[in-house]
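Novice: Just run31.cif, nothing more (mmCIF, C-alpha atoms):
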data_entry
#
loop_
_atom_site.label_atom_id
_atom_site.label_comp_id
_atom_site.auth_asym_id
_atom_site.auth_seq_id
_atom_site.Cartn_x
_atom_site.Cartn_y
_atom_site.Cartn_z
CA GLN A 1 0.00 0.00 0.00
CA SER A 2 1.14 3.57 -0.63
CA GLN A 3 -0.61 5.16 2.31
CA PHE A 4 -1.61 4.30 5.83
CA VAL A 5 -5.08 2.96 6.65
CA GLU A 6 -6.96 4.10 9.75
CA SER A 7 -9.79 2.21 11.44
CA GLY A 8 -11.61 1.91 14.75
CA GLY A 9 -13.66 5.08 14.78
CA GLY A 10 -17.39 5.25 15.37
CA PRO A 11 -20.11 6.77 17.54
CA VAL A 12 -19.48 6.81 21.28
CA GLN A 13 -21.08 8.40 24.31
CA PRO A 14 -19.22 10.96 26.45
CA GLY A 15 -16.90 9.20 28.85
CA GLY A 16 -16.45 6.24 26.53
CA SER A 17 -13.31 4.84 24.97
CA LEU A 18 -12.09 3.85 21.53
CA ARG A 19 -8.92 2.33 20.13
CA LEU A 20 -7.94 3.61 16.72
CA THR A 21 -5.63 1.56 14.51
CA CYS A 22 -3.17 2.78 11.91
CA ASP A 23 -2.18 0.02 9.51
CA THR A 24 1.31 0.71 8.20
CA SER A 25 1.76 -2.56 6.29
CA GLY A 26 4.32 -2.27 3.52
CA PHE A 27 6.25 0.58 5.10
CA PHE A 28 9.68 0.40 6.69
CA LEU A 29 9.13 2.34 9.87
CA ASN A 30 12.35 2.24 11.83
CA HIS A 31 13.55 5.68 10.75
CA LEU A 32 10.14 7.34 10.96
CA ALA A 33 7.84 8.94 13.48
CA ILE A 34 4.14 8.19 13.27
CA GLY A 35 1.64 10.87 14.16
CA TRP A 36 -2.07 10.94 14.89
CA PHE A 37 -4.02 14.00 13.84
CA ARG A 38 -7.64 15.08 13.89
CA GLN A 39 -9.76 17.52 11.96
CA ALA A 40 -13.19 18.71 12.99
CA PRO A 41 -15.55 20.35 10.48
CA GLY A 42 -14.50 23.93 9.78
CA LYS A 43 -11.27 23.59 11.73
CA GLU A 44 -7.65 23.05 10.79
CA ARG A 45 -6.02 19.67 11.14
CA GLU A 46 -4.25 19.40 14.51
CA GLY A 47 -1.66 16.98 15.80
CA VAL A 48 -2.70 15.04 18.90
CA SER A 49 0.16 12.58 19.39
CA CYS A 50 3.28 11.16 17.81
CA LEU A 51 5.66 8.28 18.37
CA GLY A 52 9.28 7.93 17.32
CA ILE A 53 9.50 4.33 16.18
CA ASN A 54 13.17 3.68 17.01
CA THR A 55 13.23 5.88 20.12
CA GLY A 56 9.87 5.00 21.61
CA GLY A 57 9.46 8.61 22.61
CA THR A 58 6.00 10.13 22.48
CA THR A 59 4.58 13.63 22.37
CA TYR A 60 0.99 14.56 23.18
CA ALA A 61 -0.95 17.74 22.64
CA ASP A 62 -1.93 19.45 25.89
CA SER A 63 -5.60 19.03 25.00
CA VAL A 64 -5.34 15.22 25.07
CA ALA A 65 -2.55 14.48 27.56
CA GLY A 66 -3.64 11.93 30.13
CA ARG A 67 -6.52 10.65 27.96
CA PHE A 68 -4.77 9.56 24.75
CA THR A 69 -2.09 6.86 24.62
CA MET A 70 -0.16 5.90 21.53
CA SER A 71 1.53 2.53 21.10
CA ARG A 72 2.87 0.11 18.52
CA GLY A 73 1.61 -3.43 18.13
CA ALA A 74 3.83 -6.49 18.59
CA SER A 75 3.67 -7.28 14.88
CA GLY A 76 5.20 -3.90 14.14
CA ASP A 77 2.80 -2.87 11.40
CA LYS A 78 0.01 -1.47 13.58
CA VAL A 79 0.14 1.76 15.55
CA TYR A 80 -2.66 2.39 18.01
CA LEU A 81 -4.27 5.41 19.62
CA GLN A 82 -6.17 4.56 22.79
CA ILE A 83 -8.65 7.31 23.59
CA ASN A 84 -10.30 7.37 27.01
CA ASN A 85 -12.91 9.63 28.56
CA LEU A 86 -14.05 10.88 25.17
CA GLN A 87 -15.73 14.28 25.10
CA PRO A 88 -17.88 15.97 22.45
CA GLU A 89 -14.95 18.21 21.53
CA ASP A 90 -13.03 15.10 20.48
CA THR A 91 -15.46 14.64 17.59
CA ALA A 92 -13.38 14.73 14.40
CA ALA A 93 -11.92 12.68 11.61
CA TYR A 94 -8.71 11.07 12.86
CA PHE A 95 -5.74 10.48 10.59
CA CYS A 96 -2.31 8.88 10.90
CA ALA A 97 0.77 9.78 8.90
CA ALA A 98 4.57 9.48 8.94
CA ASP A 99 7.32 12.05 9.42
CA PRO A 100 10.06 10.98 6.98
CA ALA A 101 12.53 13.52 8.39
CA PHE A 102 12.35 12.23 11.96
CA SER A 103 15.73 10.48 11.90
CA SER A 104 17.45 13.78 11.05
CA ARG A 105 15.80 15.84 13.78
CA LEU A 106 17.87 17.06 16.70
CA PRO A 107 16.87 16.56 19.39
CA ARG A 108 15.28 13.28 18.34
CA LEU A 109 11.73 14.27 19.28
CA CYS A 110 8.66 13.79 17.14
CA VAL A 111 6.67 16.87 16.26
CA LEU A 112 2.93 17.52 15.95
CA SER A 113 2.96 19.80 12.93
CA PRO A 114 0.91 18.26 10.09
CA ASP A 115 3.15 20.00 7.54
CA GLU A 116 6.00 17.64 8.46
CA TYR A 117 4.02 14.48 7.69
CA ASP A 118 3.31 12.35 4.63
CA TYR A 119 1.55 9.10 3.63
CA TRP A 120 -1.78 10.29 4.99
CA GLY A 121 -4.62 7.79 5.23
CA GLN A 122 -8.29 8.47 4.50
CA GLY A 123 -9.15 8.90 8.16
CA THR A 124 -11.63 7.34 10.57
CA GLN A 125 -14.52 9.31 12.04
CA VAL A 126 -15.03 9.62 15.78
CA THR A 127 -18.35 11.07 16.90
CA VAL A 128 -18.97 11.71 20.59
CA SER A 129 -22.52 12.51 21.59
CA SER A 130 -25.18 11.46 24.06
#
For this file, write the structure as structure tokens.

Specialist:
Amino acid sequence: QSQFVESGGGPVQPGGSLRLTCDTSGFFLNHLAIGWFRQAPGKEREGVSCLGINTGGTTYADSVAGRFTMSRGASGDKVYLQINNLQPEDTAAYFCAADPAFSSRLPRLCVLSPDEYDYWGQGTQVTVSS
């Protein structure tokens, strides 16, 4: 595949949880960072979390810290975003993508700027309402 594939979104009540999956099959990830982003209607795309694959380091946006957890599956080709205590303001399309310049960044920290990312998937919709 030439782009990532997101899944796991859906409708959920406030306070609920979801686990989003980013399928990275076919990509060599070791030199990359993977990021999760979201875009609500009428708003700009924002970075919520990222993971440096060979460092294991993560970065979270202040708006989601403590509720969102990013991890990589044992098989290596799935990257997850666990979202707890979902709120209506979390309603958005969620996307994953890769930062191809991660290995050259100093310090070796992943960034949340969408402009640095490529290989965007089609997204998965998360809708939080009662």

Novice: Mind pulling up the distance from atom CA of A:Gly123 to atom CA of A:Arg45?

Specialist: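 Computing the Euclidean distance for atom CA of A:Arg45 and atom CA of A:Gly123 yields 11.6 Å.
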
Novice: Could you check which of A:Leu29, A:Leu112, A:Leu106, A:Ala92 is closest to A:Gly10, using only C-alpha atoms?

Specialist: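 Once distances to A:Gly10 are computed over only C-alpha atoms, the minimum belongs to A:Ala92.
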
Novice: When you count all atoms listed in the file, which of these residues is closest to A:Leu86: A:Ile53, A:Val64, A:Leu32, A:Ala40?

Specialist: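 That would be A:Val64, the residue with the smallest distance to A:Leu86.
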
Novice: What does the structure give for the distance between atom CA of A:Gly47 and atom CA of A:Arg105, in Å to one decimal?

Specialist: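 If I compute the distance from atom CA of A:Gly47 to atom CA of A:Arg105, I get 17.6 Å.
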
Novice: Per residue of stretch 5-35 of chain A within 12 Å of stretch 68-71 of chain A, what are the shortest atom pair and its distance in Å to one decimal, counting all atoms listed in the file, with rows by chain and residue number, as a tab-separated table?

Specialist:
residue	atom	partner	partner_atom	distance
A:Ser17	CA	A:Phe68	CA	9.8
A:Leu18	CA	A:Phe68	CA	9.8
A:Arg19	CA	A:Thr69	CA	9.3
A:Leu20	CA	A:Met70	CA	9.4
A:Thr21	CA	A:Ser71	CA	9.8
A:Cys22	CA	A:Ser71	CA	10.3
A:Ala33	CA	A:Met70	CA	11.7
A:Ile34	CA	A:Met70	CA	9.6
A:Gly35	CA	A:Met70	CA	9.1

Novice: Mind giving me the straight-line distance from atom CA of A:Pro14 to atom CA of A:Gln87 in Å, one decimal?

Specialist: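 If I compute the distance from atom CA of A:Pro14 to atom CA of A:Gln87, I get 5.0 Å.
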
Novice: Nearest residue to A:Gly16 out of A:Pro114, A:Ile83, A:Ser104, A:Ala97, using all atoms listed in the file?

Specialist: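 Of A:Pro114, A:Ile83, A:Ser104, A:Ala97, the one nearest A:Gly16, counting all atoms listed in the file, is A:Ile83.
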
Novice: When distances are computed from all atoms listed in the file, which of A:Asp62, A:Asp99, A:Phe28, A:Glu44 shows the smallest separation from A:Trp120?

Specialist: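 Nearest candidate to A:Trp120 out of A:Asp62, A:Asp99, A:Phe28, A:Glu44: A:Asp99.
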
Novice: Written as a VMD selection string, what is the full residue list that the PyMOL selection byres ((chain A and resi 89) around 12) yields on the file shown?

Specialist: chain A and resid 13 to 15 38 to 41 43 63 to 64 85 to 88 90 to 93 126 to 129

Novice: Go ahead and write the selection's residues with C-alpha atoms as a PDB file, in the frame of the given file.

Specialist:
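Done, and the output landed in out-v5.pdb:
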ATOM      1  CA  GLN A  13     -21.080   8.400  24.310  1.00  0.00           C
ATOM      2  CA  PRO A  14     -19.220  10.960  26.450  1.00  0.00           C
ATOM      3  CA  GLY A  15     -16.900   9.200  28.850  1.00  0.00           C
ATOM      4  CA  ARG A  38      -7.640  15.080  13.890  1.00  0.00           C
ATOM      5  CA  GLN A  39      -9.760  17.520  11.960  1.00  0.00           C
ATOM      6  CA  ALA A  40     -13.190  18.710  12.990  1.00  0.00           C
ATOM      7  CA  PRO A  41     -15.550  20.350  10.480  1.00  0.00           C
ATOM      8  CA  LYS A  43     -11.270  23.590  11.730  1.00  0.00           C
ATOM      9  CA  SER A  63      -5.600  19.030  25.000  1.00  0.00           C
ATOM     10  CA  VAL A  64      -5.340  15.220  25.070  1.00  0.00           C
ATOM     11  CA  ASN A  85     -12.910   9.630  28.560  1.00  0.00           C
ATOM     12  CA  LEU A  86     -14.050  10.880  25.170  1.00  0.00           C
ATOM     13  CA  GLN A  87     -15.730  14.280  25.100  1.00  0.00           C
ATOM     14  CA  PRO A  88     -17.880  15.970  22.450  1.00  0.00           C
ATOM     15  CA  ASP A  90     -13.030  15.100  20.480  1.00  0.00           C
ATOM     16  CA  THR A  91     -15.460  14.640  17.590  1.00  0.00           C
ATOM     17  CA  ALA A  92     -13.380  14.730  14.400  1.00  0.00           C
ATOM     18  CA  ALA A  93     -11.920  12.680  11.610  1.00  0.00           C
ATOM     19  CA  VAL A 126     -15.030   9.620  15.780  1.00  0.00           C
ATOM     20  CA  THR A 127     -18.350  11.070  16.900  1.00  0.00           C
ATOM     21  CA  VAL A 128     -18.970  11.710  20.590  1.00  0.00           C
ATOM     22  CA  SER A 129     -22.520  12.510  21.590  1.00  0.00           C
TER      23      SER A 129
END

Novice: Which residues come within 9 Å of A:Ser2, counting only C-alpha atoms, excluding same-chain residues fewer than 5 positions away, as JSON, numbers by chain?

Specialist: {"A": [26, 27, 119]}

Novice: Can you list what the PyMOL selection byres ((chain A and resi 100) around 8) grabs from this structure, as a PDB file with C-alpha atoms, in the frame of the given file?

Specialist:
ATOM      1  CA  HIS A  31      13.550   5.680  10.750  1.00  0.00           C
ATOM      2  CA  LEU A  32      10.140   7.340  10.960  1.00  0.00           C
ATOM      3  CA  ALA A  33       7.840   8.940  13.480  1.00  0.00           C
ATOM      4  CA  ALA A  98       4.570   9.480   8.940  1.00  0.00           C
ATOM      5  CA  ASP A  99       7.320  12.050   9.420  1.00  0.00           C
ATOM      6  CA  ALA A 101      12.530  13.520   8.390  1.00  0.00           C
ATOM      7  CA  PHE A 102      12.350  12.230  11.960  1.00  0.00           C
ATOM      8  CA  SER A 103      15.730  10.480  11.900  1.00  0.00           C
ATOM      9  CA  GLU A 116       6.000  17.640   8.460  1.00  0.00           C
ATOM     10  CA  TYR A 117       4.020  14.480   7.690  1.00  0.00           C
ATOM     11  CA  ASP A 118       3.310  12.350   4.630  1.00  0.00           C
TER      12      ASP A 118
END

Novice: For the provided coordinates, the residues matched by the PyMOL selection byres ((chain A and resi 110) around 6) should be stated as a PDB file with C-alpha atoms, keeping the file's coordinate frame.

Specialist:
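What ended up in selection.pdb:
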ATOM      1  CA  GLY A  52       9.280   7.930  17.320  1.00  0.00           C
ATOM      2  CA  LEU A 109      11.730  14.270  19.280  1.00  0.00           C
ATOM      3  CA  VAL A 111       6.670  16.870  16.260  1.00  0.00           C
TER       4      VAL A 111
END

Novice: Draw an axis-aligned box tight on the listed atoms of stretch 51-63 of chain A, then pad every side by 3 Å and write out centre and edge lengths in Å to one decimal as AutoDock Vina command-line options.

Specialist:
--center_x 3.8 --center_y 11.6 --center_z 21.0 --size_x 24.8 --size_y 21.8 --size_z 15.7

Novice: Let me make sure I understand: among A:Ser25, A:Ser130, A:Asn84, A:Thr55, which one has the smallest atom-to-atom distance to A:Glu6 if we use all atoms listed in the file?

Specialist: A:Ser25

Novice: Calculated over only C-alpha atoms, which of the candidates A:Cys96, A:Asp77, A:Gly56, A:Gln122 has the smallest distance to A:Arg108?

Specialist: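 Among the listed residues, A:Gly56 lies closest to A:Arg108.
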
Novice: Since the input is missing atoms, can you rebuild N, CA, C and O atoms for stretch 59-73 of chain A and write them as an mmCIF file, keeping the file's coordinate frame?

Specialist:
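Ended up saving to rebuild.cif:
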data_model
loop_
_atom_site.group_PDB
_atom_site.id
_atom_site.type_symbol
_atom_site.label_atom_id
_atom_site.label_comp_id
_atom_site.auth_asym_id
_atom_site.auth_seq_id
_atom_site.Cartn_x
_atom_site.Cartn_y
_atom_site.Cartn_z
ATOM 1 N N THR A 59 4.975 12.253 22.103
ATOM 2 C CA THR A 59 4.580 13.630 22.370
ATOM 3 C C THR A 59 3.073 13.687 22.270
ATOM 4 O O THR A 59 2.498 13.094 21.353
ATOM 5 N N TYR A 60 2.447 14.405 23.190
ATOM 6 C CA TYR A 60 0.990 14.560 23.180
ATOM 7 C C TYR A 60 0.635 16.042 23.231
ATOM 8 O O TYR A 60 1.298 16.825 23.914
ATOM 9 N N ALA A 61 -0.426 16.395 22.529
ATOM 10 C CA ALA A 61 -0.950 17.740 22.640
ATOM 11 C C ALA A 61 -1.518 17.942 24.047
ATOM 12 O O ALA A 61 -2.038 16.999 24.660
ATOM 13 N N ASP A 62 -1.436 19.160 24.549
ATOM 14 C CA ASP A 62 -1.930 19.450 25.890
ATOM 15 C C ASP A 62 -3.416 19.092 26.031
ATOM 16 O O ASP A 62 -3.865 18.671 27.093
ATOM 17 N N SER A 63 -4.157 19.251 24.948
ATOM 18 C CA SER A 63 -5.600 19.030 25.000
ATOM 19 C C SER A 63 -5.976 17.559 25.203
ATOM 20 O O SER A 63 -7.113 17.258 25.563
ATOM 21 N N VAL A 64 -5.018 16.646 24.973
ATOM 22 C CA VAL A 64 -5.340 15.220 25.070
ATOM 23 C C VAL A 64 -4.476 14.486 26.073
ATOM 24 O O VAL A 64 -4.710 13.300 26.342
ATOM 25 N N ALA A 65 -3.466 15.145 26.624
ATOM 26 C CA ALA A 65 -2.550 14.480 27.560
ATOM 27 C C ALA A 65 -3.317 13.884 28.724
ATOM 28 O O ALA A 65 -4.210 14.525 29.289
ATOM 29 N N GLY A 66 -2.971 12.641 29.042
ATOM 30 C CA GLY A 66 -3.640 11.930 30.130
ATOM 31 C C GLY A 66 -4.843 11.124 29.674
ATOM 32 O O GLY A 66 -5.307 10.238 30.401
ATOM 33 N N ARG A 67 -5.362 11.399 28.481
ATOM 34 C CA ARG A 67 -6.520 10.650 27.960
ATOM 35 C C ARG A 67 -6.167 9.816 26.742
ATOM 36 O O ARG A 67 -6.808 8.808 26.459
ATOM 37 N N PHE A 68 -5.170 10.238 25.969
ATOM 38 C CA PHE A 68 -4.770 9.560 24.750
ATOM 39 C C PHE A 68 -3.445 8.842 25.002
ATOM 40 O O PHE A 68 -2.536 9.397 25.630
ATOM 41 N N THR A 69 -3.328 7.622 24.508
ATOM 42 C CA THR A 69 -2.090 6.860 24.620
ATOM 43 C C THR A 69 -1.776 6.215 23.287
ATOM 44 O O THR A 69 -2.622 5.516 22.725
ATOM 45 N N MET A 70 -0.582 6.438 22.821
ATOM 46 C CA MET A 70 -0.160 5.900 21.530
ATOM 47 C C MET A 70 0.786 4.737 21.756
ATOM 48 O O MET A 70 1.639 4.787 22.648
ATOM 49 N N SER A 71 0.661 3.686 20.940
ATOM 50 C CA SER A 71 1.530 2.530 21.100
ATOM 51 C C SER A 71 1.669 1.813 19.763
ATOM 52 O O SER A 71 0.911 2.071 18.817
ATOM 53 N N ARG A 72 2.628 0.906 19.727
ATOM 54 C CA ARG A 72 2.870 0.110 18.520
ATOM 55 C C ARG A 72 2.595 -1.347 18.834
ATOM 56 O O ARG A 72 2.989 -1.851 19.886
ATOM 57 N N GLY A 73 1.928 -2.034 17.936
ATOM 58 C CA GLY A 73 1.610 -3.430 18.130
ATOM 59 C C GLY A 73 2.834 -4.327 18.027
ATOM 60 O O GLY A 73 3.855 -3.944 17.446
#
